[in-house]
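> Input file: query.cif. Contents: mmCIF, C-alpha atoms.
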data_model
loop_
_atom_site.label_atom_id
_atom_site.label_comp_id
_atom_site.auth_asym_id
_atom_site.auth_seq_id
_atom_site.Cartn_x
_atom_site.Cartn_y
_atom_site.Cartn_z
CA MET A 527 5.28 -18.70 19.93
CA TRP A 528 1.56 -18.44 20.47
CA LYS A 529 -0.68 -21.46 19.88
CA LYS A 530 -3.99 -20.91 18.08
CA VAL A 531 -6.82 -22.92 19.65
CA SER A 532 -9.69 -21.67 17.49
CA SER A 533 -10.64 -18.96 15.03
CA LYS A 534 -13.98 -17.44 14.07
CA GLU A 535 -15.09 -14.74 11.68
CA ILE A 536 -16.84 -11.92 13.52
CA PHE A 537 -17.23 -9.29 10.76
CA ASN A 538 -17.34 -9.57 6.97
CA HIS A 539 -17.28 -6.63 4.58
CA PRO A 540 -15.92 -6.61 0.99
CA ARG A 541 -12.98 -4.45 2.19
CA LEU A 542 -12.37 -5.99 5.63
CA VAL A 543 -12.86 -9.34 7.34
CA LEU A 544 -12.20 -9.51 11.08
CA MET A 545 -11.29 -12.71 12.87
CA GLU A 546 -11.23 -13.49 16.56
CA ASP A 547 -8.66 -16.11 17.52
CA GLU A 548 -8.42 -17.87 20.83
CA VAL A 549 -4.71 -18.37 21.55
CA ILE A 550 -2.53 -19.70 24.32
CA LEU A 551 0.45 -17.52 25.18
CA PRO A 552 3.87 -19.01 26.04
CA ASN A 553 3.09 -18.38 29.74
CA GLY A 554 -0.03 -20.59 29.47
CA HIS A 555 -2.63 -17.80 29.59
CA LYS A 556 -5.49 -18.03 27.12
CA ILE A 557 -6.51 -14.80 25.37
CA THR A 558 -8.78 -13.63 22.56
CA TYR A 559 -6.93 -11.84 19.75
CA LEU A 560 -8.54 -9.66 17.07
CA LYS A 561 -6.94 -9.69 13.61
CA GLN A 562 -7.75 -9.13 9.96
CA LYS A 563 -8.27 -12.22 7.84
CA ASP A 564 -5.26 -12.89 5.65
CA ASN A 565 -6.67 -13.80 2.26
CA GLY A 566 -3.35 -14.03 0.46
CA SER A 567 -3.71 -10.61 -1.08
CA CYS A 568 -1.15 -7.87 -0.74
CA CYS A 569 -0.93 -4.20 -1.52
CA VAL A 570 1.33 -2.31 -3.86
CA THR A 571 2.87 1.13 -3.92
CA VAL A 572 4.47 2.44 -7.08
CA ILE A 573 7.08 5.17 -7.24
CA ALA A 574 7.28 6.28 -10.86
CA GLU A 575 10.15 8.22 -12.40
CA ARG A 576 9.98 10.24 -15.61
CA ASP A 577 12.39 12.95 -16.76
CA GLY A 578 13.99 13.05 -13.30
CA LYS A 579 10.64 13.62 -11.58
CA ILE A 580 8.62 11.49 -9.15
CA LEU A 581 4.90 10.88 -9.61
CA ILE A 582 2.96 11.65 -6.44
CA GLN A 583 -0.75 12.01 -5.91
CA ARG A 584 -3.04 13.75 -3.47
CA GLU A 585 -6.29 12.04 -2.55
CA TYR A 586 -9.02 12.74 -0.03
CA SER A 587 -8.95 10.40 2.97
CA TYR A 588 -12.36 10.07 4.61
CA PRO A 589 -11.20 8.86 8.08
CA SER A 590 -8.80 11.79 8.53
CA ASN A 591 -11.01 14.21 6.54
CA GLN A 592 -8.05 15.64 4.65
CA LYS A 593 -6.25 15.33 1.35
CA ILE A 594 -3.19 13.10 1.75
CA PHE A 595 -0.10 12.87 -0.45
CA GLN A 596 0.73 9.31 -1.48
CA PHE A 597 2.08 7.14 -4.26
CA PRO A 598 -0.27 5.17 -6.54
CA GLY A 599 -1.27 1.82 -5.12
CA GLY A 600 -3.95 -0.34 -3.62
CA GLY A 601 -5.12 -3.86 -3.00
CA VAL A 602 -4.03 -6.86 -5.01
CA PRO A 603 -6.61 -9.66 -5.08
CA ALA A 604 -5.59 -13.27 -4.53
CA GLY A 605 -4.24 -14.74 -7.76
CA GLU A 606 -2.86 -11.45 -9.08
CA LYS A 607 0.91 -11.00 -8.92
CA PRO A 608 2.09 -7.90 -7.02
CA GLU A 609 3.73 -6.44 -10.15
CA GLU A 610 0.50 -6.94 -12.12
CA GLY A 611 -1.40 -5.17 -9.34
CA ALA A 612 1.14 -2.35 -9.36
CA ASN A 613 0.58 -1.72 -13.05
CA ARG A 614 -3.19 -2.07 -12.74
CA GLU A 615 -3.27 0.49 -9.92
CA LEU A 616 -0.98 2.80 -11.90
CA MET A 617 -3.33 2.58 -14.92
CA GLU A 618 -6.49 3.07 -12.79
CA GLU A 619 -5.17 5.97 -10.73
CA MET A 620 -2.74 7.74 -13.03
CA GLY A 621 -3.37 6.64 -16.62
CA TYR A 622 0.09 5.10 -17.07
CA ARG A 623 1.53 1.60 -17.46
CA ALA A 624 5.15 0.88 -16.61
CA ASN A 625 7.22 -1.15 -19.05
CA GLU A 626 9.79 -1.54 -16.25
CA LEU A 627 8.97 -2.46 -12.66
CA GLN A 628 11.76 -3.02 -10.15
CA LEU A 629 10.89 -4.43 -6.73
CA LEU A 630 12.46 -2.14 -4.13
CA GLY A 631 11.29 -4.19 -1.14
CA SER A 632 8.31 -4.96 1.01
CA TYR A 633 7.10 -4.44 4.55
CA LEU A 634 4.25 -5.56 6.81
CA MET A 635 1.33 -3.15 6.63
CA ASP A 636 0.09 -3.65 10.21
CA ASN A 637 1.98 -6.46 11.91
CA ARG A 638 -0.26 -6.27 15.02
CA ARG A 639 -3.42 -7.11 13.09
CA SER A 640 -2.41 -8.68 9.77
CA ALA A 641 0.29 -10.50 7.82
CA GLN A 642 -0.43 -8.45 4.66
CA LYS A 643 2.60 -7.05 2.90
CA MET A 644 3.07 -3.83 0.99
CA TYR A 645 5.27 -4.40 -2.05
CA VAL A 646 7.11 -1.29 -3.22
CA PHE A 647 8.04 -0.97 -6.89
CA LEU A 648 9.97 1.55 -8.90
CA ALA A 649 8.07 2.10 -12.14
CA SER A 650 9.84 3.50 -15.20
CA ASP A 651 9.52 3.65 -18.98
CA LEU A 652 5.93 4.83 -18.60
CA VAL A 653 3.41 4.77 -21.43
CA GLU A 654 -0.07 6.24 -21.42
CA GLU A 655 -2.62 3.53 -20.78
CA SER A 656 -5.61 3.70 -18.48
CA LEU A 657 -8.25 1.55 -16.88
CA GLU A 658 -11.57 2.57 -15.35
CA LYS A 659 -11.11 4.56 -12.16
CA ASP A 660 -12.56 3.60 -8.78
CA GLU A 661 -15.57 5.86 -8.11
CA GLU A 662 -14.33 6.54 -4.56
CA GLU A 663 -11.03 7.94 -5.79
CA GLU A 664 -10.64 11.60 -6.67
CA ILE A 665 -6.93 12.00 -7.31
CA GLU A 666 -4.68 14.92 -8.24
CA SER A 667 -1.32 14.10 -9.82
CA PHE A 668 1.99 15.92 -9.52
CA TRP A 669 5.47 15.36 -10.96
CA LEU A 670 7.99 16.56 -8.37
CA SER A 671 11.75 16.50 -8.03
CA LYS A 672 13.34 14.28 -5.40
CA ASP A 673 14.29 17.42 -3.48
CA GLU A 674 10.68 18.66 -3.52
CA VAL A 675 9.43 15.31 -2.16
CA ALA A 676 12.13 15.30 0.54
CA LYS A 677 11.19 18.86 1.53
CA MET A 678 7.50 17.87 1.78
CA ILE A 679 8.46 15.02 4.10
CA LYS A 680 10.67 17.29 6.22
CA ASN A 681 7.89 19.91 6.47
CA GLY A 682 5.22 17.38 7.49
CA LYS A 683 3.27 17.64 4.22
CA ILE A 684 3.59 13.89 3.55
CA ILE A 685 2.16 11.97 6.52
CA ASN A 686 0.88 8.76 4.88
CA ILE A 687 2.80 5.87 6.47
CA HIS A 688 2.97 3.91 3.22
CA ALA A 689 4.37 6.89 1.32
CA LEU A 690 6.99 7.46 4.02
CA ALA A 691 8.05 3.80 4.18
CA SER A 692 8.06 3.52 0.39
CA TRP A 693 10.19 6.65 0.09
CA CYS A 694 12.66 5.13 2.56
CA LEU A 695 13.00 2.02 0.37
CA TYR A 696 13.31 4.20 -2.73
CA GLU A 697 16.04 6.38 -1.20
CA ASN A 698 17.97 3.30 -0.13
CA LYS A 699 17.78 1.37 -3.39
CA GLU A 700 21.07 0.15 -4.82
#
Before anything else, please render the file you have as structure tokens.

Amino acid sequence: MWKKVSSKEIFNHPRLVLMEDEVILPNGHKITYLKQKDNGSCCVTVIAERDGKILIQREYSYPSNQKIFQFPGGGVPAGEKPEEGANRELMEEMGYRANELQLLGSYLMDNRRSAQKMYVFLASDLVEESLEKDEEEEIESFWLSKDEVAKMIKNGKIINIHALASWCLYENKE
């Protein structure tokens, strides 16, 4: 295990806080390690089913300068339960609320720089209900069969890591 000697904040933005930790490795060497501040929040991805179809969205991604296929989701502030965040994101991005949310699993979003988890839910029994959309989000929605989603993955049309990992949990649900 590594031993933290000190920690300091080196960058603070509403969407990202970077920390620089001084740590001692098991071999005794002292290094500086860059990580994101863990503020207790987590992220949520929702896979919604209706009439045998899966809800998927396509949204512009500024860093990659392309439209990316994904499942609804986003940040969950400290104090909000992951399932509450899942429904809030579903209402903001898609105009639906799920009466049923089943936790399919979770995974670390970027274990080299953060301890944040992505919680993956299966949303069902959807009802129309919306919240104000984020002005940065311009989202197209599609209802696709499982086979269509699988084909998109096989053909390299779905490249978002969170969509791929979430699909894996979905396909392996009991």
> Go through A:Ala612, A:Leu629, A:Met635, A:Leu670 one by one, measure the shortest atom-to-atom distance of each to A:Leu695 using only C-alpha atoms, and give the residue with the smallest value.
A:Leu629
> Report as an MDAnalysis selection string the residues that result from applying the PyMOL selection byres ((chain A and resi 615) around 12) to the structure here.
chainID A and resid 569:573 597:603 606 608:614 616:624 647 649 655:660 663
> Just how far from atom CA of A:Lys607 is atom CA of A:Leu627, in Å to one decimal?
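Answer for the atom CA of A:Leu627 to atom CA of A:Lys607 separation: 12.3 Å.
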> Apply the PyMOL selection byres ((chain A and resi 546) around 8) to the file shown and report the selected residues as a PyMOL selection string.
chain A and resi 533-536+544-545+547-548+558-561
> Produce a file of the selected residues containing C-alpha atoms, as a PDB file, keeping the file's coordinate frame.

ATOM      1  CA  SER A 533     -10.640 -18.960  15.030  1.00  0.00           C
ATOM      2  CA  LYS A 534     -13.980 -17.440  14.070  1.00  0.00           C
ATOM      3  CA  GLU A 535     -15.090 -14.740  11.680  1.00  0.00           C
ATOM      4  CA  ILE A 536     -16.840 -11.920  13.520  1.00  0.00           C
ATOM      5  CA  LEU A 544     -12.200  -9.510  11.080  1.00  0.00           C
ATOM      6  CA  MET A 545     -11.290 -12.710  12.870  1.00  0.00           C
ATOM      7  CA  ASP A 547      -8.660 -16.110  17.520  1.00  0.00           C
ATOM      8  CA  GLU A 548      -8.420 -17.870  20.830  1.00  0.00           C
ATOM      9  CA  THR A 558      -8.780 -13.630  22.560  1.00  0.00           C
ATOM     10  CA  TYR A 559      -6.930 -11.840  19.750  1.00  0.00           C
ATOM     11  CA  LEU A 560      -8.540  -9.660  17.070  1.00  0.00           C
ATOM     12  CA  LYS A 561      -6.940  -9.690  13.610  1.00  0.00           C
TER      13      LYS A 561
END
> Got a sec to check which residues sit within 12 Å of (13.0, 14.1, 0.0), counting only C-alpha atoms, and write them as a list in words?
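Output of the proximity query reads Lys579, Ile580, Leu670, Ser671, Lys672, Asp673, Glu674, Val675, Ala676, Lys677, Met678, Ile679, Lys680, Asn681, Gly682, Lys683, Ile684, Ala689, Leu690, Ser692, Trp693, Cys694, Tyr696, Glu697 and Asn698 of chain A.
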> Considering all atoms listed in the file, can you say which of A:Val653, A:Lys530, A:Asp577, A:Phe595 comes closest to A:Ile557?
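Among the listed residues, the smallest separation from A:Ile557 belongs to A:Lys530.
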> Work out how far apart atom CA of A:Ser640 and atom CA of A:Gln562 are and give it in Å to one decimal.
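That distance, rounded to one decimal, is 5.4 Å.
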> Between atom CA of A:Leu581 and atom CA of A:Ile594, what distance in Å does the model show, to one decimal?
14.1 Å
> Exactly which residues make up the result of the PyMOL selection byres ((chain A and resi 664-667) around 6) on this file, given as a list of chain:residue names?
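On this input, the PyMOL selection byres ((chain A and resi 664-667) around 6) captures A:Ile582, A:Gln583, A:Arg584, A:Glu585, A:Glu663, A:Phe668.
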> Using all atoms listed in the file, pick whichever of A:Gly631, A:Gly578, A:Gly605, A:Pro552 has the shortest atom-to-atom distance to A:Lys529.
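The shortest atom-to-atom distance to A:Lys529 comes from A:Pro552.
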> Between A:Ala604, A:Ile550, A:Val543, A:Ile687, which one has atoms that come closest to A:Val531, using all atoms listed in the file?
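Looking only at the distances to A:Val531, the closest residue turns out to be A:Ile550.
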> Around all listed atoms of stretch 686-700 of chain A, padded 6 Å per side, what centre and edge lengths does the axis-aligned box have in Å to one decimal, as lines of an AutoDock Vina configuration file?

center_x = 11.0
center_y = 4.5
center_z = 0.8
size_x = 32.2
size_y = 20.6
size_z = 23.3
> Select, from A:Met527, A:Leu652, A:Leu542, A:Ala691, the residue with the minimum atom-to-atom distance to A:Ser632, counting all atoms listed in the file.
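Distance minimum relative to A:Ser632 lands on A:Ala691.
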> Compile the contact shell of A:Leu551 as a PyMOL selection string: residues with an atom at most 7 Å away, counting all atoms listed in the file, same-chain residues fewer than 4 positions apart removed.
chain A and resi 528-529+555-556
> Please return stretch 669-682 of chain A, rebuilt to N, CA and C atoms, as an mmCIF file, in the frame of the given file.

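The result, stored in part-v8.cif:
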data_model
loop_
_atom_site.group_PDB
_atom_site.id
_atom_site.type_symbol
_atom_site.label_atom_id
_atom_site.label_comp_id
_atom_site.auth_asym_id
_atom_site.auth_seq_id
_atom_site.Cartn_x
_atom_site.Cartn_y
_atom_site.Cartn_z
ATOM 1 N N TRP A 669 4.112 15.854 -10.680
ATOM 2 C CA TRP A 669 5.470 15.360 -10.960
ATOM 3 C C TRP A 669 6.412 16.301 -10.218
ATOM 4 N N LEU A 670 7.124 15.760 -9.224
ATOM 5 C CA LEU A 670 7.990 16.560 -8.370
ATOM 6 C C LEU A 670 9.424 16.038 -8.396
ATOM 7 N N SER A 671 10.358 16.929 -8.132
ATOM 8 C CA SER A 671 11.750 16.500 -8.030
ATOM 9 C C SER A 671 11.938 15.739 -6.716
ATOM 10 N N LYS A 672 13.029 14.984 -6.639
ATOM 11 C CA LYS A 672 13.340 14.280 -5.400
ATOM 12 C C LYS A 672 13.492 15.268 -4.247
ATOM 13 N N ASP A 673 14.114 16.413 -4.512
ATOM 14 C CA ASP A 673 14.290 17.420 -3.480
ATOM 15 C C ASP A 673 12.947 17.972 -2.988
ATOM 16 N N GLU A 674 12.004 18.162 -3.911
ATOM 17 C CA GLU A 674 10.680 18.660 -3.520
ATOM 18 C C GLU A 674 9.957 17.641 -2.632
ATOM 19 N N VAL A 675 10.057 16.355 -2.976
ATOM 20 C CA VAL A 675 9.430 15.310 -2.160
ATOM 21 C C VAL A 675 10.085 15.277 -0.777
ATOM 22 N N ALA A 676 11.406 15.314 -0.741
ATOM 23 C CA ALA A 676 12.130 15.300 0.540
ATOM 24 C C ALA A 676 11.746 16.495 1.405
ATOM 25 N N LYS A 677 11.585 17.653 0.789
ATOM 26 C CA LYS A 677 11.190 18.860 1.530
ATOM 27 C C LYS A 677 9.775 18.700 2.090
ATOM 28 N N MET A 678 8.871 18.101 1.310
ATOM 29 C CA MET A 678 7.500 17.870 1.780
ATOM 30 C C MET A 678 7.496 16.939 2.993
ATOM 31 N N ILE A 679 8.365 15.935 2.963
ATOM 32 C CA ILE A 679 8.460 15.020 4.100
ATOM 33 C C ILE A 679 8.987 15.774 5.321
ATOM 34 N N LYS A 680 10.059 16.531 5.126
ATOM 35 C CA LYS A 680 10.670 17.290 6.220
ATOM 36 C C LYS A 680 9.692 18.283 6.834
ATOM 37 N N ASN A 681 8.842 18.894 6.004
ATOM 38 C CA ASN A 681 7.890 19.910 6.470
ATOM 39 C C ASN A 681 6.550 19.335 6.926
ATOM 40 N N GLY A 682 6.450 18.001 7.005
ATOM 41 C CA GLY A 682 5.220 17.380 7.490
ATOM 42 C C GLY A 682 4.062 17.412 6.520
#
